[in-house]
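Undergrad: My structure is stored as entry_10.txt, with compact mmCIF, C-alpha atoms.
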# COMPACT_ATOMS: atom_id res chain seq x y z
CA MET A 1 33.75 -43.26 -11.34
CA CYS A 2 36.73 -44.03 -9.10
CA SER A 3 34.50 -44.51 -6.06
CA ALA A 4 32.33 -46.95 -8.03
CA ILE A 5 35.40 -48.93 -9.08
CA THR A 6 36.68 -48.92 -5.50
CA ARG A 7 33.33 -50.16 -4.18
CA ARG A 8 33.18 -52.94 -6.75
CA ALA A 9 36.77 -53.98 -6.06
CA GLY A 10 36.10 -53.98 -2.34
CA ALA A 11 33.00 -56.10 -2.83
CA CYS A 12 34.92 -58.64 -4.92
CA ILE A 13 37.68 -58.88 -2.31
CA TRP A 14 35.03 -59.32 0.37
CA VAL A 15 33.32 -62.11 -1.58
CA CYS A 16 36.57 -63.96 -2.18
CA ALA A 17 37.40 -63.74 1.50
CA LEU A 18 33.96 -65.03 2.40
CA LEU A 19 34.10 -67.96 0.01
CA ALA A 20 37.51 -68.96 1.31
CA ALA A 21 36.60 -68.57 4.97
CA SER A 22 35.37 -71.29 7.27
CA PRO A 23 31.72 -71.21 8.38
CA VAL A 24 32.84 -69.82 11.75
CA HIS A 25 34.69 -66.88 10.22
CA ALA A 26 32.01 -66.36 7.56
CA SER A 27 29.49 -65.51 10.28
CA ASN A 28 31.57 -62.49 11.35
CA VAL A 29 31.81 -60.66 8.03
CA THR A 30 31.97 -56.90 7.64
CA ALA A 31 28.92 -55.10 6.31
CA VAL A 32 29.02 -54.08 2.65
CA PRO A 33 28.49 -50.32 2.04
CA ARG A 34 25.15 -49.78 0.33
CA ALA A 35 24.84 -48.07 -3.03
CA GLY A 36 21.06 -47.74 -2.62
CA GLY A 37 17.94 -48.57 -4.58
CA ILE A 38 16.02 -51.76 -5.14
CA ALA A 39 17.40 -54.72 -7.08
CA SER A 40 15.25 -57.49 -8.54
CA THR A 41 16.78 -60.85 -9.41
CA ALA A 42 14.14 -62.56 -11.60
CA LEU A 43 11.28 -61.87 -14.00
CA CYS A 44 8.59 -62.47 -11.40
CA ALA A 45 10.27 -60.11 -8.96
CA ASP A 46 10.70 -57.54 -11.75
CA ALA A 47 6.95 -57.40 -12.28
CA TYR A 48 6.22 -56.73 -8.62
CA VAL A 49 9.01 -54.18 -8.18
CA LEU A 50 7.84 -52.26 -11.25
CA ALA A 51 4.29 -52.27 -9.88
CA VAL A 52 5.10 -50.68 -6.52
CA ALA A 53 8.32 -48.68 -7.03
CA GLY A 54 8.99 -45.70 -9.26
CA PRO A 55 11.93 -45.34 -11.67
CA GLY A 56 14.02 -43.37 -9.19
CA ARG A 57 13.99 -46.17 -6.62
CA ILE A 58 14.91 -49.13 -8.83
CA SER A 59 18.65 -49.61 -9.24
CA ALA A 60 18.68 -52.99 -11.04
CA LEU A 61 16.32 -55.49 -12.66
CA SER A 62 16.90 -59.11 -13.54
CA TRP A 63 19.19 -60.13 -16.39
CA GLN A 64 16.01 -61.16 -18.24
CA ALA A 65 14.57 -57.63 -18.24
CA ALA A 66 16.18 -56.85 -21.60
CA GLN A 67 14.93 -60.11 -23.16
CA PRO A 68 11.71 -60.65 -25.18
CA VAL A 69 10.22 -62.59 -22.24
CA SER A 70 10.04 -59.38 -20.22
CA ALA A 71 7.35 -56.69 -20.17
CA ALA A 72 9.68 -54.13 -18.60
CA PRO A 73 9.30 -50.60 -20.02
CA ASP A 74 12.04 -49.19 -22.20
CA TRP A 75 13.60 -47.09 -19.45
CA ALA A 76 13.97 -50.14 -17.21
CA ARG A 77 15.69 -52.29 -19.82
CA ASP A 78 18.83 -50.17 -19.55
CA LEU A 79 19.21 -50.64 -15.80
CA PRO A 80 22.08 -52.77 -14.46
CA ALA A 81 21.34 -56.50 -14.52
CA ALA A 82 20.98 -58.58 -11.38
CA TRP A 83 20.60 -62.28 -10.68
CA SER A 84 20.60 -64.54 -7.63
CA ASP A 85 24.36 -64.49 -7.17
CA ALA A 86 25.98 -63.12 -4.03
CA GLU A 87 29.03 -61.65 -5.75
CA ARG A 88 26.90 -59.73 -8.24
CA LEU A 89 24.56 -58.44 -5.53
CA TYR A 90 27.44 -57.38 -3.27
CA THR A 91 28.70 -55.30 -6.18
CA LEU A 92 25.31 -53.68 -6.71
CA ALA A 93 24.84 -53.27 -2.92
CA PRO A 94 21.18 -52.20 -3.05
CA ASP A 95 19.07 -51.14 -0.09
CA LEU A 96 16.80 -54.10 -0.79
CA THR A 97 17.10 -57.15 -3.03
CA VAL A 98 13.85 -58.80 -4.12
CA PHE A 99 13.84 -62.52 -4.95
CA ASP A 100 11.14 -64.51 -6.69
CA PRO A 101 9.39 -67.30 -4.73
CA GLY A 102 12.04 -69.76 -3.58
CA GLY A 103 14.77 -67.69 -5.24
CA GLY A 104 16.65 -66.42 -2.20
CA GLY A 105 18.21 -69.50 -0.66
CA ARG A 106 21.90 -69.38 0.21
CA THR A 107 22.36 -66.06 -1.57
CA ALA A 108 19.84 -64.34 0.70
CA ARG A 109 21.54 -65.79 3.79
CA LEU A 110 24.94 -64.53 2.66
CA MET A 111 23.53 -61.08 1.97
CA GLU A 112 21.92 -60.89 5.38
CA ARG A 113 25.33 -61.65 6.94
CA ALA A 114 26.62 -58.64 5.06
CA GLU A 115 23.73 -56.57 6.45
CA LEU A 116 22.12 -56.22 3.03
CA ASP A 117 18.33 -56.48 3.27
CA THR A 118 16.36 -59.00 1.23
CA PHE A 119 12.73 -59.79 0.48
CA GLU A 120 11.37 -62.99 -1.04
CA LEU A 121 7.98 -63.12 -2.71
CA ALA A 122 5.52 -65.78 -1.55
CA TRP A 123 4.48 -68.51 -3.96
CA SER A 124 1.15 -67.75 -5.61
CA ASP A 125 -1.15 -69.34 -8.17
CA ASP A 126 -4.07 -66.91 -8.13
CA PHE A 127 -5.15 -63.30 -7.81
CA ASP A 128 -5.42 -63.51 -4.02
CA GLY A 129 -1.72 -64.33 -3.95
CA VAL A 130 -0.99 -61.38 -6.23
CA ARG A 131 -2.78 -59.07 -3.80
CA ALA A 132 -0.88 -60.51 -0.83
CA ASN A 133 2.51 -60.09 -2.51
CA LEU A 134 1.72 -56.52 -3.56
CA LEU A 135 0.74 -55.60 -0.01
CA ALA A 136 3.78 -57.29 1.53
CA LEU A 137 6.28 -55.70 -0.85
CA GLY A 138 4.56 -52.33 -0.67
CA ASP A 139 4.76 -52.43 3.12
CA ARG A 140 8.43 -53.41 3.03
CA LEU A 141 9.25 -50.55 0.66
CA GLY A 142 7.13 -47.96 2.45
CA GLU A 143 4.93 -47.84 -0.66
CA ALA A 144 1.66 -49.09 0.83
CA GLY A 145 -0.28 -46.47 -1.11
CA ARG A 146 1.11 -47.61 -4.46
CA ALA A 147 0.39 -51.25 -3.57
CA GLU A 148 -3.17 -50.47 -2.55
CA ALA A 149 -3.70 -48.50 -5.77
CA ALA A 150 -2.42 -51.46 -7.81
CA ILE A 151 -4.83 -53.77 -5.98
CA ALA A 152 -7.75 -51.38 -6.52
CA ASP A 153 -6.95 -51.32 -10.24
CA LEU A 154 -6.72 -55.12 -10.29
CA ASP A 155 -10.09 -55.50 -8.58
CA ALA A 156 -11.79 -53.03 -10.92
CA ARG A 157 -10.48 -54.89 -13.94
CA LEU A 158 -11.59 -58.26 -12.52
CA ASP A 159 -15.08 -56.80 -11.99
CA ALA A 160 -15.09 -55.63 -15.61
CA LEU A 161 -14.14 -59.13 -16.77
CA ALA A 162 -17.00 -60.60 -14.74
CA ALA A 163 -19.41 -58.20 -16.44
CA ARG A 164 -18.08 -59.22 -19.85
CA THR A 165 -18.59 -62.89 -18.98
CA GLU A 166 -22.22 -62.19 -18.07
CA ARG A 167 -22.84 -60.31 -21.32
CA ARG A 168 -21.22 -63.10 -23.32
CA GLY A 169 -23.70 -65.64 -21.97
CA MET A 170 -21.45 -68.63 -22.71
CA ARG A 171 -18.17 -70.08 -21.48
CA PRO A 172 -15.96 -71.21 -24.38
CA ARG A 173 -13.55 -74.11 -23.86
CA VAL A 174 -9.94 -72.99 -23.52
CA LEU A 175 -6.73 -75.03 -23.63
CA TYR A 176 -3.27 -73.78 -22.74
CA LEU A 177 -0.41 -75.29 -24.74
CA SER A 178 3.08 -74.50 -23.51
CA ALA A 179 6.11 -74.29 -25.78
CA SER A 180 7.31 -77.55 -24.20
CA GLY A 181 4.07 -79.32 -25.14
CA GLY A 182 2.57 -79.35 -21.67
CA SER A 183 -0.51 -77.65 -20.30
CA ALA A 184 -1.99 -76.27 -17.07
CA GLY A 185 -4.81 -77.67 -14.97
CA ALA A 186 -6.55 -76.57 -11.80
CA GLY A 187 -4.51 -74.73 -9.19
CA THR A 188 -2.28 -72.89 -11.68
CA TYR A 189 -2.20 -69.20 -12.48
CA ILE A 190 -3.09 -70.11 -16.07
CA ASP A 191 -6.33 -71.58 -14.75
CA ALA A 192 -6.94 -68.46 -12.66
CA ALA A 193 -6.54 -66.23 -15.73
CA ILE A 194 -8.85 -68.40 -17.87
CA ALA A 195 -11.51 -68.42 -15.14
CA ALA A 196 -11.28 -64.66 -14.66
CA ALA A 197 -11.71 -64.17 -18.40
CA GLY A 198 -14.86 -66.32 -18.39
CA GLY A 199 -13.59 -69.45 -20.09
CA ILE A 200 -13.53 -73.13 -19.15
CA ASN A 201 -10.06 -74.59 -18.76
CA VAL A 202 -10.53 -78.00 -20.41
CA MET A 203 -7.68 -79.52 -18.41
CA ALA A 204 -9.19 -78.45 -15.09
CA ARG A 205 -12.64 -79.57 -16.27
CA ASP A 206 -11.22 -83.03 -16.97
CA GLY A 207 -9.86 -83.29 -13.43
CA ILE A 208 -6.22 -82.44 -14.11
CA SER A 209 -4.38 -80.37 -11.52
CA GLY A 210 -1.11 -78.52 -11.75
CA TRP A 211 1.29 -78.39 -14.67
CA THR A 212 1.38 -81.27 -17.13
CA ARG A 213 4.32 -82.56 -19.15
CA SER A 214 4.43 -83.05 -22.88
CA ASP A 215 2.02 -85.84 -23.86
CA PRO A 216 1.15 -85.78 -27.58
CA GLU A 217 -1.41 -88.59 -27.26
CA THR A 218 -3.52 -86.54 -24.85
CA PHE A 219 -3.72 -83.65 -27.27
CA LEU A 220 -4.72 -85.83 -30.21
CA THR A 221 -8.24 -86.24 -28.78
CA VAL A 222 -8.77 -83.06 -26.78
CA GLU A 223 -11.53 -80.75 -28.00
CA THR A 224 -11.34 -77.02 -27.44
CA ASP A 225 -12.62 -73.77 -28.87
CA ILE A 226 -9.56 -71.65 -28.22
CA VAL A 227 -5.89 -72.54 -27.77
CA LEU A 228 -3.68 -70.28 -25.69
CA THR A 229 0.03 -70.32 -26.44
CA SER A 230 2.90 -68.41 -24.87
CA PHE A 231 6.69 -68.36 -25.01
CA PHE A 232 6.53 -69.78 -28.57
CA THR A 233 8.25 -66.82 -30.21
CA ASP A 234 9.35 -64.69 -27.26
CA GLY A 235 10.62 -67.45 -24.98
CA PHE A 236 13.99 -69.14 -24.72
CA ARG A 237 14.83 -71.63 -27.45
CA SER A 238 15.11 -75.23 -26.37
CA THR A 239 15.29 -78.68 -27.91
CA PHE A 240 12.45 -79.60 -25.54
CA ASN A 241 9.99 -77.17 -27.14
CA HIS A 242 7.77 -79.97 -28.43
CA GLY A 243 4.74 -77.70 -28.58
CA VAL A 244 6.50 -75.61 -31.20
CA HIS A 245 7.94 -78.42 -33.32
CA HIS A 246 6.04 -81.69 -32.71
CA ALA A 247 3.56 -82.69 -35.44
CA ALA A 248 1.09 -84.07 -32.86
CA TYR A 249 0.22 -80.56 -31.76
CA ARG A 250 -0.21 -79.15 -35.24
CA HIS A 251 -3.92 -79.87 -35.50
CA LEU A 252 -4.58 -77.90 -32.32
CA LEU A 253 -2.74 -74.88 -33.63
CA GLU A 254 -4.43 -75.08 -37.01
CA ASP A 255 -8.01 -76.13 -36.18
CA ALA A 256 -8.84 -74.02 -33.12
CA ALA A 257 -8.71 -70.26 -32.67
CA ARG A 258 -5.26 -69.45 -31.34
CA VAL A 259 -4.26 -66.61 -29.06
CA ASP A 260 -0.64 -66.00 -28.18
CA ILE A 261 -0.20 -64.37 -24.76
CA PRO A 262 3.00 -62.30 -24.41
CA ALA A 263 5.43 -64.08 -22.12
CA GLY A 264 5.89 -60.93 -20.06
CA ASP A 265 2.26 -61.02 -18.96
CA TRP A 266 2.62 -64.18 -16.92
CA PRO A 267 6.10 -65.36 -15.99
CA CYS A 268 4.36 -66.06 -12.67
CA ALA A 269 1.19 -65.07 -10.84
CA GLY A 270 2.19 -61.42 -10.88
CA PRO A 271 0.64 -57.99 -11.32
CA ARG A 272 0.36 -58.44 -15.09
CA LEU A 273 -1.67 -61.64 -14.82
CA ILE A 274 -4.73 -59.41 -15.24
CA ASP A 275 -3.34 -58.30 -18.63
CA ALA A 276 -3.25 -61.94 -19.72
CA ALA A 277 -6.81 -62.46 -18.49
CA GLU A 278 -7.99 -59.45 -20.50
CA ARG A 279 -6.31 -60.76 -23.65
CA ILE A 280 -8.06 -64.09 -23.14
CA ALA A 281 -11.37 -62.30 -22.65
CA ASP A 282 -10.84 -60.44 -25.94
CA ALA A 283 -10.42 -63.81 -27.65
CA LEU A 284 -13.54 -65.19 -25.99
CA ASP A 285 -15.57 -62.17 -27.12
CA ALA A 286 -14.30 -62.56 -30.68
CA TRP A 287 -15.11 -66.28 -30.71
CA ALA A 288 -18.59 -65.70 -29.28
CA GLY A 289 -19.29 -62.69 -31.49
CA THR A 290 -19.87 -60.46 -28.48
CA PRO A 291 -19.49 -56.74 -29.26
For the structure just supplied, provide its representation as structure tokens.

TA:
Amino acid sequence: MCSAITRRAGACIWVCALLAASPVHASNVTAVPRAGGIASTALCADAYVLAVAGPGRISALSWQAAQPVSAAPDWARDLPAAWSDAERLYTLAPDLTVFDPGGGGRTARLMERAELDTFELAWSDDFDGVRANLLALGDRLGEAGRAEAAIADLDARLDALAARTERRGMRPRVLYLSASGGSAGAGTYIDAAIAAAGGINVMARDGISGWTRSDPETFLTVETDIVLTSFFTDGFRSTFNHGVHHAAYRHLLEDAARVDIPAGDWPCAGPRLIDAAERIADALDAWAGTP
């Protein structure tokens, strides 16, 4: 207990000295003693770390891991919380800190000066990107076998979805409605999940790419068989959640079959994106009457 307090106090003193120092002096900092383990700083990173590292290796998950938006198992929700803040990460002093795509920035540079290793996931919008991130993180952690096993499982489940699509014999129209009232077109991981499940993303079909903002007029005329929602009940509350509150979206939620995908399945294009695709496929089977 005393050693832990001493380490934390030392880390705080070190951080204060760094923040007060000039850039010249800041480049000559003393290494922070490592406490060990792997720390993840965001939901997306959590999903990858949990996929390739066992409980004994993970020392901290993101501050969101204990929230409804996370799919972390019960044992992981009690781990110390991490976020992309140098002072917090110096205190945790892990062997490796994993950032989500674009999440490292200045914090990662400061950690590297303190000889604390970091890894940043690559941006991804599809299953190929999921495979690449799994392989890269698995290699960095010396867990190539676990990463390859996760990819083999992913590929087997994608093959099973393709077989279900063939048996279904039809491709229902699917629309994603975000809690903010936006949607997702081509080139998004939402589109990748819908396609893998065997549906037609109506936004991509209509030539829309990327993520769209709230536009009630667009949704007044859109026709779809199934509406996908997410983050409606397990996301963060916001005054901008038009999809939850705005009357213009009500007909979509009432007239079409609705499937709510748990937020933890797709905070990004991560290892659990296949879980979201399977939930969508279940909805397509139910709509089509496929046993």

Undergrad: Per residue of region 161-209 of chain A within 10 Å of region 123-127 of chain A, record the nearest atom pair and its distance in Å to one decimal, counting only C-alpha atoms, with rows in chain order and ascending residue number, as a tab-separated table.

TA:
residue	atom	partner	partner_atom	distance
A:Ala186	CA	A:Asp125	CA	9.7
A:Gly187	CA	A:Asp125	CA	6.4
A:Thr188	CA	A:Asp125	CA	5.1
A:Tyr189	CA	A:Asp125	CA	4.4
A:Ile190	CA	A:Asp125	CA	8.2
A:Asp191	CA	A:Asp126	CA	8.4
A:Ala192	CA	A:Asp126	CA	5.6
A:Ala193	CA	A:Asp126	CA	8.0
A:Ala196	CA	A:Phe127	CA	9.3

Undergrad: Give me the residues within 10 Å of Val227 (chain A) as a PyMOL selection string, counting all atoms listed in the file and dropping any in the same chain fewer than 5 places off.

TA: chain A and resi 173-177+252-260+280+283

Undergrad: Would you save the residues from that selection as a tab-separated table (two decimals), keeping the file's coordinate frame, using C-alpha atoms?

TA:
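Ended up saving to result.tsv:
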chain	number	residue	atom	x	y	z
A	173	ARG	CA	-13.55	-74.11	-23.86
A	174	VAL	CA	-9.94	-72.99	-23.52
A	175	LEU	CA	-6.73	-75.03	-23.63
A	176	TYR	CA	-3.27	-73.78	-22.74
A	177	LEU	CA	-0.41	-75.29	-24.74
A	252	LEU	CA	-4.58	-77.90	-32.32
A	253	LEU	CA	-2.74	-74.88	-33.63
A	254	GLU	CA	-4.43	-75.08	-37.01
A	255	ASP	CA	-8.01	-76.13	-36.18
A	256	ALA	CA	-8.84	-74.02	-33.12
A	257	ALA	CA	-8.71	-70.26	-32.67
A	258	ARG	CA	-5.26	-69.45	-31.34
A	259	VAL	CA	-4.26	-66.61	-29.06
A	260	ASP	CA	-0.64	-66.00	-28.18
A	280	ILE	CA	-8.06	-64.09	-23.14
A	283	ALA	CA	-10.42	-63.81	-27.65

Undergrad: Which residue out of A:Ser180, A:Pro73, A:Asp85, A:Gln67 has the minimum interatomic distance to Ser40 (chain A) when all atoms listed in the file are used?

TA: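 Nearest candidate to Ser40 (chain A) out of A:Ser180, A:Pro73, A:Asp85, A:Gln67: A:Asp85.
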
Undergrad: Of the residues A:Pro68, A:Gly181, A:Gly36, A:Gly129, which is the one nearest to Ala269 (chain A), using all atoms listed in the file?

TA: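 Selected residue with least distance to Ala269 (chain A): A:Gly129.
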
Undergrad: Set the distance at 8 Å and use only C-alpha atoms: which residues neighbour Trp211 (chain A) once local chain neighbours fewer than 3 positions away are removed? I'd like the list as a VMD selection string.

TA: chain A and resid 182 to 185 188

Undergrad: Please report the interatomic distance between CA of Val69 (chain A) and CA of Ala150 (chain A) in Å with one decimal.

TA: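 Result for CA of Val69 (chain A) versus CA of Ala150 (chain A): 22.2 Å, one decimal.
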
Undergrad: For region 269-284 of chain A, which lacks atoms in the input, supply N, CA, C and O atoms and format the output as an mmCIF file, in the frame of the given file.

TA:
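Once everything was written out, this is result.cif:
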data_model
loop_
_atom_site.group_PDB
_atom_site.id
_atom_site.type_symbol
_atom_site.label_atom_id
_atom_site.label_comp_id
_atom_site.auth_asym_id
_atom_site.auth_seq_id
_atom_site.Cartn_x
_atom_site.Cartn_y
_atom_site.Cartn_z
ATOM 1 N N ALA A 269 2.416 -65.763 -11.245
ATOM 2 C CA ALA A 269 1.190 -65.070 -10.840
ATOM 3 C C ALA A 269 1.614 -63.704 -10.316
ATOM 4 O O ALA A 269 1.846 -63.510 -9.128
ATOM 5 N N GLY A 270 1.703 -62.751 -11.229
ATOM 6 C CA GLY A 270 2.190 -61.420 -10.880
ATOM 7 C C GLY A 270 1.177 -60.354 -11.231
ATOM 8 O O GLY A 270 0.061 -60.639 -11.664
ATOM 9 N N PRO A 271 1.561 -59.099 -11.067
ATOM 10 C CA PRO A 271 0.640 -57.990 -11.320
ATOM 11 C C PRO A 271 0.113 -57.921 -12.741
ATOM 12 O O PRO A 271 -0.957 -57.357 -12.970
ATOM 13 N N ARG A 272 0.825 -58.481 -13.708
ATOM 14 C CA ARG A 272 0.360 -58.440 -15.090
ATOM 15 C C ARG A 272 -0.491 -59.651 -15.480
ATOM 16 O O ARG A 272 -0.899 -59.782 -16.629
ATOM 17 N N LEU A 273 -0.799 -60.513 -14.517
ATOM 18 C CA LEU A 273 -1.670 -61.640 -14.820
ATOM 19 C C LEU A 273 -3.036 -61.143 -15.289
ATOM 20 O O LEU A 273 -3.688 -61.791 -16.116
ATOM 21 N N ILE A 274 -3.466 -59.997 -14.802
ATOM 22 C CA ILE A 274 -4.730 -59.410 -15.240
ATOM 23 C C ILE A 274 -4.660 -59.029 -16.721
ATOM 24 O O ILE A 274 -5.663 -59.115 -17.432
ATOM 25 N N ASP A 275 -3.491 -58.613 -17.199
ATOM 26 C CA ASP A 275 -3.340 -58.300 -18.630
ATOM 27 C C ASP A 275 -3.576 -59.554 -19.465
ATOM 28 O O ASP A 275 -4.229 -59.503 -20.513
ATOM 29 N N ALA A 276 -3.037 -60.681 -19.007
ATOM 30 C CA ALA A 276 -3.250 -61.940 -19.720
ATOM 31 C C ALA A 276 -4.725 -62.308 -19.721
ATOM 32 O O ALA A 276 -5.269 -62.742 -20.747
ATOM 33 N N ALA A 277 -5.388 -62.137 -18.572
ATOM 34 C CA ALA A 277 -6.810 -62.460 -18.490
ATOM 35 C C ALA A 277 -7.618 -61.601 -19.452
ATOM 36 O O ALA A 277 -8.573 -62.087 -20.089
ATOM 37 N N GLU A 278 -7.269 -60.339 -19.583
ATOM 38 C CA GLU A 278 -7.990 -59.450 -20.500
ATOM 39 C C GLU A 278 -7.767 -59.852 -21.961
ATOM 40 O O GLU A 278 -8.685 -59.767 -22.789
ATOM 41 N N ARG A 279 -6.567 -60.293 -22.289
ATOM 42 C CA ARG A 279 -6.310 -60.760 -23.650
ATOM 43 C C ARG A 279 -7.129 -62.019 -23.953
ATOM 44 O O ARG A 279 -7.640 -62.191 -25.065
ATOM 45 N N ILE A 280 -7.245 -62.890 -22.959
ATOM 46 C CA ILE A 280 -8.060 -64.090 -23.140
ATOM 47 C C ILE A 280 -9.529 -63.698 -23.324
ATOM 48 O O ILE A 280 -10.227 -64.244 -24.183
ATOM 49 N N ALA A 281 -9.984 -62.751 -22.528
ATOM 50 C CA ALA A 281 -11.370 -62.300 -22.650
ATOM 51 C C ALA A 281 -11.634 -61.700 -24.030
ATOM 52 O O ALA A 281 -12.718 -61.893 -24.602
ATOM 53 N N ASP A 282 -10.684 -60.977 -24.586
ATOM 54 C CA ASP A 282 -10.840 -60.440 -25.940
ATOM 55 C C ASP A 282 -11.059 -61.575 -26.942
ATOM 56 O O ASP A 282 -11.896 -61.481 -27.848
ATOM 57 N N ALA A 283 -10.293 -62.659 -26.760
ATOM 58 C CA ALA A 283 -10.420 -63.810 -27.650
ATOM 59 C C ALA A 283 -11.766 -64.499 -27.480
ATOM 60 O O ALA A 283 -12.391 -64.945 -28.447
ATOM 61 N N LEU A 284 -12.234 -64.581 -26.238
ATOM 62 C CA LEU A 284 -13.540 -65.190 -25.990
ATOM 63 C C LEU A 284 -14.655 -64.366 -26.620
ATOM 64 O O LEU A 284 -15.610 -64.916 -27.187
#
